[in-house]
Amino acid sequence: MEQISFSAIGTSWQIDIDQQLARYERELLFERVKRRIDIFDRAYSRFRPDSLVTEMSQKAGTFTLPPDAGPMLAVYRLMYELTDGLMTPLIGQALSDAGYDATYSLETKEMYVPPAWDDVMEWNAPTLSLRRPALLDFGAAGKGYLIDIIADVLADAGIRSFTVDAGGDMLHRDPSGKALRVGLEHPLDFQQVIGVASIANQSLCGSAGNRRAWGRFHHILNPQTLASPRDIAAIWVVAETTLLADALTTALFFVPASRLEPHVAFEYVIVRSDFSLEMSPGFPGEIFTG
């Protein structure tokens with residue numbers, strides 16, 4: 001078993017590989033992973049002054065996005081439509097004004113309701129046209145998508161059995177179908193688990209209002225009310241890809257699962273702020289209620 005641990009894009013990463021690597025293979029793989037993360041970050045981070053997203057926040061026009069943009073934009077558009085615009089990449093400026101800005105000032109400025117997607121953006125792969133400058137935020141699904149991309153880097157290197165974990169969002173692959181048991185963090189006590197999930201060739205993502213929280217806000221913001229939802233303590237989603245699982249953990253803060261289930265395949269558990277539970281019948285795990 002090999003383990004590679006590092007920090008990137010503001011979170012901790014751990015890659016577990018179920019095979020032995022020579023030292024040079026390990027070092028080469030690590031460099032490939034880090035380089036791919038940096039390429040993604042330079043395109044989509046709203047916290048970097050040299051990113052494409054930052055450039056788009058400063059001027060209107062037509063921008064050529066990286067070849068990897070298509071799947072992520074497609075998921076964002078689907079979630080935007082299924083949530084009636086409540087999950088939107090145009091939330092970036094509102095998040096920044098709330099204090100979740102490039103310097104993490106946590107100081108709130110005057111906030112404004114974001115514009116509608118079609119009033120500002122037009123996506124015709126590989127170009128994204130902006131009618132006016134806009135600070136986009138891909139935090140609701142970007143980390144999950146990056147996990148999928150890193151999984152492809154590992155697969156291209158001949159690694160067949162592995163787990164990629166970035167801040168608790170993870171993808172597990174094993175040709176034998178062996179499941180990975182994962183503890184689900186208690187939303188009120190980081191040192192305890194509230195349940196467990198088992199994933200086999202699947203992805204698991206979670207979202208909780210106690211993470212990245214300040215003042216009256218946390219990292220999820222309703223674009224219509226400019227307030228953070230408070231009725232949900234934590235959400236976990238299991239899906240085929242980490243991109244989809246990550247996106248759904250945000251969408252479920254805004255709409256019921258029944259609104260999403262006809263369109264995408266996933267399992268979920270929702271812990272509400274009063275600690276009542278909602279769990280899909282096929283969720284591969286349990287929540288401890290005792």
# chains A, B, ... in the order shown; residues from 1 in each chain; ligands from 1

call {"tool": "select_by_dssp", "arguments": {"residues": "stretch 90-267 of chain A", "states": "helix (DSSP H, G or I)", "output": "PyMOL selection string"}}
result
chain A and resi 90-98+117-120+142-156+242-251+257-260

call {"tool": "residues_around", "arguments": {"residues": "stretch 59-65 of chain A", "least_positions_apart": "3", "cutoff": "8 Å", "atoms": "only C-alpha atoms", "output": "JSON, numbers by chain"}}
result
{"A": [43, 55, 56, 68, 69, 125, 126, 127, 128, 129, 130, 131, 132, 133, 134]}

call {"tool": "select_by_dssp", "arguments": {"residues": "stretch 28-168 of chain A", "states": "strand (DSSP E or B)", "output": "list in words"}}
result
Gly61, Thr62, Phe63, Thr64, Met121, Glu122, Trp123, Asn124, Thr127, Leu128, Ser129, Leu130, Phe162, Thr163, Val164, Asp165 and Ala166 of chain A

call {"tool": "residues_around", "arguments": {"residues": "stretch 21-36 of chain A", "least_positions_apart": "6", "cutoff": "8 Å", "atoms": "only C-alpha atoms", "output": "MDAnalysis selection string"}}
result
chainID A and resid 2 4 150 153:154 157

call {"tool": "write_last_selection", "arguments": {"atoms": "N, CA and C atoms", "output": "compact mmCIF listing (two decimals), in the first residue's frame"}}
result
# COMPACT_ATOMS: atom_id res chain seq x y z
N GLU A 2 0.61 2.16 -0.91
CA GLU A 2 1.29 3.44 -0.96
C GLU A 2 0.31 4.53 -0.56
N ILE A 4 -0.01 8.87 -0.51
CA ILE A 4 0.53 10.18 -0.87
C ILE A 4 -0.37 11.23 -0.22
N ILE A 150 -8.13 13.60 -11.18
CA ILE A 150 -6.94 12.97 -10.59
C ILE A 150 -7.07 11.45 -10.65
N VAL A 153 -5.81 10.50 -13.89
CA VAL A 153 -4.34 10.55 -13.92
C VAL A 153 -3.77 9.26 -13.37
N LEU A 154 -4.33 8.77 -12.26
CA LEU A 154 -3.86 7.52 -11.67
C LEU A 154 -4.10 6.35 -12.62
N ALA A 157 -1.73 6.12 -15.37
CA ALA A 157 -0.42 5.65 -14.92
C ALA A 157 -0.41 4.15 -14.61

call {"tool": "residues_around", "arguments": {"residues": "A:Ala179", "least_positions_apart": "6", "cutoff": "9 Å", "atoms": "only C-alpha atoms", "output": "tab-separated table (two decimals) with N, CA and C atoms, in the first residue's frame"}}
result
chain	number	residue	atom	x	y	z
A	172	HIS	N	-13.50	5.97	-4.77
A	172	HIS	CA	-12.85	4.68	-4.51
A	172	HIS	C	-13.01	3.78	-5.71
A	173	ARG	N	-11.89	3.23	-6.16
A	173	ARG	CA	-11.93	2.28	-7.27
A	173	ARG	C	-11.20	1.01	-6.89
A	198	SER	N	-20.49	2.66	2.93
A	198	SER	CA	-19.61	1.74	2.22
A	198	SER	C	-19.73	2.02	0.74
A	199	ILE	N	-18.62	2.35	0.09
A	199	ILE	CA	-18.65	2.66	-1.34
A	199	ILE	C	-17.75	1.69	-2.10
A	200	ALA	N	-18.22	1.25	-3.23
A	200	ALA	CA	-17.47	0.33	-4.08
A	200	ALA	C	-17.53	0.85	-5.51
A	201	ASN	N	-16.39	1.32	-6.02
A	201	ASN	CA	-16.33	1.93	-7.34
A	201	ASN	C	-17.36	3.05	-7.47

call {"tool": "atom_distance", "arguments": {"atom1": "atom CA of A:Leu180", "atom2": "atom CA of A:Ile220"}}
result
28.3 Å

call {"tool": "residues_around", "arguments": {"residues": "A:Trp117", "least_positions_apart": "2", "cutoff": "12 Å", "atoms": "only C-alpha atoms", "output": "ChimeraX atom specification"}}
result
/A:73,76-81,84-91,114-115,119-123,128-132,134,136,223

call {"tool": "residues_around", "arguments": {"residues": "A:His186", "least_positions_apart": "6", "cutoff": "9 Å", "atoms": "only C-alpha atoms", "output": "PyMOL selection string"}}
result
chain A and resi 192-195+234

call {"tool": "closest_residue", "arguments": {"among": "A:Ile270, A:Ala208, A:Ile15, A:Val75", "to": "A:Val238", "atoms": "only C-alpha atoms"}}
result
A:Ile270

call {"tool": "residues_around", "arguments": {"residues": "A:Leu146", "least_positions_apart": "3", "cutoff": "10 Å", "atoms": "only C-alpha atoms", "output": "number ranges by chain"}}
result
A: 36-37, 40-41, 68, 72, 141-143, 149-152, 166, 242-243

call {"tool": "closest_residue", "arguments": {"among": "A:Lys109, A:Arg181, A:Arg230, A:His218", "to": "A:Thr163", "atoms": "only C-alpha atoms"}}
result
A:Arg181

call {"tool": "atom_distance", "arguments": {"atom1": "atom CA of A:Leu106", "atom2": "atom CA of A:Gly10"}}
result
15.8 Å

call {"tool": "decode", "arguments": {"residues": "stretch 161-255 of chain A", "atoms": "C-alpha atoms", "output": "mmCIF file, in the first residue's frame"}}
result
data_model
loop_
_atom_site.group_PDB
_atom_site.id
_atom_site.type_symbol
_atom_site.label_atom_id
_atom_site.label_comp_id
_atom_site.auth_asym_id
_atom_site.auth_seq_id
_atom_site.Cartn_x
_atom_site.Cartn_y
_atom_site.Cartn_z
ATOM 1 C CA SER A 161 -7.052 0.086 -7.161
ATOM 2 C CA PHE A 162 -7.000 3.385 -5.254
ATOM 3 C CA THR A 163 -8.848 5.965 -3.179
ATOM 4 C CA VAL A 164 -8.628 9.713 -3.713
ATOM 5 C CA ASP A 165 -9.744 11.745 -0.686
ATOM 6 C CA ALA A 166 -9.799 15.549 -0.777
ATOM 7 C CA GLY A 167 -11.100 17.021 2.459
ATOM 8 C CA GLY A 168 -13.521 14.144 2.992
ATOM 9 C CA ASP A 169 -14.893 14.038 -0.561
ATOM 10 C CA MET A 170 -13.656 10.869 -2.158
ATOM 11 C CA LEU A 171 -13.636 8.375 -4.978
ATOM 12 C CA HIS A 172 -12.846 4.684 -4.505
ATOM 13 C CA ARG A 173 -11.931 2.284 -7.268
ATOM 14 C CA ASP A 174 -11.215 -1.423 -6.953
ATOM 15 C CA PRO A 175 -11.533 -3.896 -9.853
ATOM 16 C CA SER A 176 -12.561 -6.634 -7.425
ATOM 17 C CA GLY A 177 -15.486 -4.561 -6.179
ATOM 18 C CA LYS A 178 -14.206 -4.500 -2.599
ATOM 19 C CA ALA A 179 -16.033 -1.802 -0.655
ATOM 20 C CA LEU A 180 -14.448 0.963 1.398
ATOM 21 C CA ARG A 181 -16.072 1.832 4.745
ATOM 22 C CA VAL A 182 -16.073 5.548 5.477
ATOM 23 C CA GLY A 183 -17.048 7.282 8.709
ATOM 24 C CA LEU A 184 -19.494 10.176 8.366
ATOM 25 C CA GLU A 185 -18.378 13.121 10.480
ATOM 26 C CA HIS A 186 -20.744 14.318 13.176
ATOM 27 C CA PRO A 187 -21.819 17.863 12.192
ATOM 28 C CA LEU A 188 -21.465 19.100 15.779
ATOM 29 C CA ASP A 189 -18.306 17.218 16.808
ATOM 30 C CA PHE A 190 -15.446 16.713 14.342
ATOM 31 C CA GLN A 191 -13.960 14.026 16.599
ATOM 32 C CA GLN A 192 -16.960 11.720 16.277
ATOM 33 C CA VAL A 193 -18.815 9.968 13.487
ATOM 34 C CA ILE A 194 -22.569 9.995 13.140
ATOM 35 C CA GLY A 195 -22.692 7.069 10.742
ATOM 36 C CA VAL A 196 -20.841 5.011 8.182
ATOM 37 C CA ALA A 197 -21.063 4.477 4.419
ATOM 38 C CA SER A 198 -19.612 1.736 2.223
ATOM 39 C CA ILE A 199 -18.653 2.657 -1.337
ATOM 40 C CA ALA A 200 -17.466 0.328 -4.084
ATOM 41 C CA ASN A 201 -16.329 1.929 -7.344
ATOM 42 C CA GLN A 202 -18.324 4.990 -6.349
ATOM 43 C CA SER A 203 -17.865 8.505 -5.019
ATOM 44 C CA LEU A 204 -18.951 9.971 -1.690
ATOM 45 C CA CYS A 205 -19.264 13.675 -0.938
ATOM 46 C CA GLY A 206 -20.530 15.531 2.086
ATOM 47 C CA SER A 207 -21.475 19.080 2.939
ATOM 48 C CA ALA A 208 -22.224 20.685 6.289
ATOM 49 C CA GLY A 209 -23.028 24.201 7.398
ATOM 50 C CA ASN A 210 -20.431 24.066 10.177
ATOM 51 C CA ARG A 211 -17.577 23.964 7.682
ATOM 52 C CA ARG A 212 -16.323 27.271 6.247
ATOM 53 C CA ALA A 213 -18.747 29.195 8.439
ATOM 54 C CA TRP A 214 -18.476 32.786 9.641
ATOM 55 C CA GLY A 215 -20.957 35.223 11.162
ATOM 56 C CA ARG A 216 -24.384 34.442 9.770
ATOM 57 C CA PHE A 217 -23.003 32.717 6.664
ATOM 58 C CA HIS A 218 -21.491 29.466 5.567
ATOM 59 C CA HIS A 219 -20.124 28.373 2.186
ATOM 60 C CA ILE A 220 -23.576 27.785 0.675
ATOM 61 C CA LEU A 221 -25.548 30.897 -0.148
ATOM 62 C CA ASN A 222 -29.089 31.230 -1.464
ATOM 63 C CA PRO A 223 -28.808 33.679 -4.406
ATOM 64 C CA GLN A 224 -32.340 34.956 -3.941
ATOM 65 C CA THR A 225 -32.344 35.579 -0.194
ATOM 66 C CA LEU A 226 -28.572 36.166 0.147
ATOM 67 C CA ALA A 227 -28.686 33.985 3.261
ATOM 68 C CA SER A 228 -27.153 30.617 4.066
ATOM 69 C CA PRO A 229 -29.629 27.743 4.548
ATOM 70 C CA ARG A 230 -29.962 26.783 8.219
ATOM 71 C CA ASP A 231 -32.440 23.915 8.118
ATOM 72 C CA ILE A 232 -29.850 21.261 7.217
ATOM 73 C CA ALA A 233 -26.919 20.168 9.384
ATOM 74 C CA ALA A 234 -25.238 17.799 6.918
ATOM 75 C CA ILE A 235 -25.725 16.001 3.619
ATOM 76 C CA TRP A 236 -23.904 13.029 2.107
ATOM 77 C CA VAL A 237 -24.348 11.797 -1.447
ATOM 78 C CA VAL A 238 -23.096 8.648 -3.162
ATOM 79 C CA ALA A 239 -22.946 8.745 -6.957
ATOM 80 C CA GLU A 240 -21.042 7.315 -9.888
ATOM 81 C CA THR A 241 -18.799 10.375 -10.199
ATOM 82 C CA THR A 242 -17.452 12.792 -7.619
ATOM 83 C CA LEU A 243 -18.467 15.706 -9.843
ATOM 84 C CA LEU A 244 -22.097 14.666 -9.564
ATOM 85 C CA ALA A 245 -21.929 13.747 -5.873
ATOM 86 C CA ASP A 246 -20.342 17.092 -5.020
ATOM 87 C CA ALA A 247 -22.889 19.067 -7.022
ATOM 88 C CA LEU A 248 -25.805 17.232 -5.439
ATOM 89 C CA THR A 249 -24.662 17.978 -1.893
ATOM 90 C CA THR A 250 -25.244 21.639 -2.723
ATOM 91 C CA ALA A 251 -28.432 21.203 -4.747
ATOM 92 C CA LEU A 252 -30.046 19.281 -1.877
ATOM 93 C CA PHE A 253 -29.756 22.341 0.345
ATOM 94 C CA PHE A 254 -32.212 24.038 -1.999
ATOM 95 C CA VAL A 255 -34.629 21.423 -3.371
#
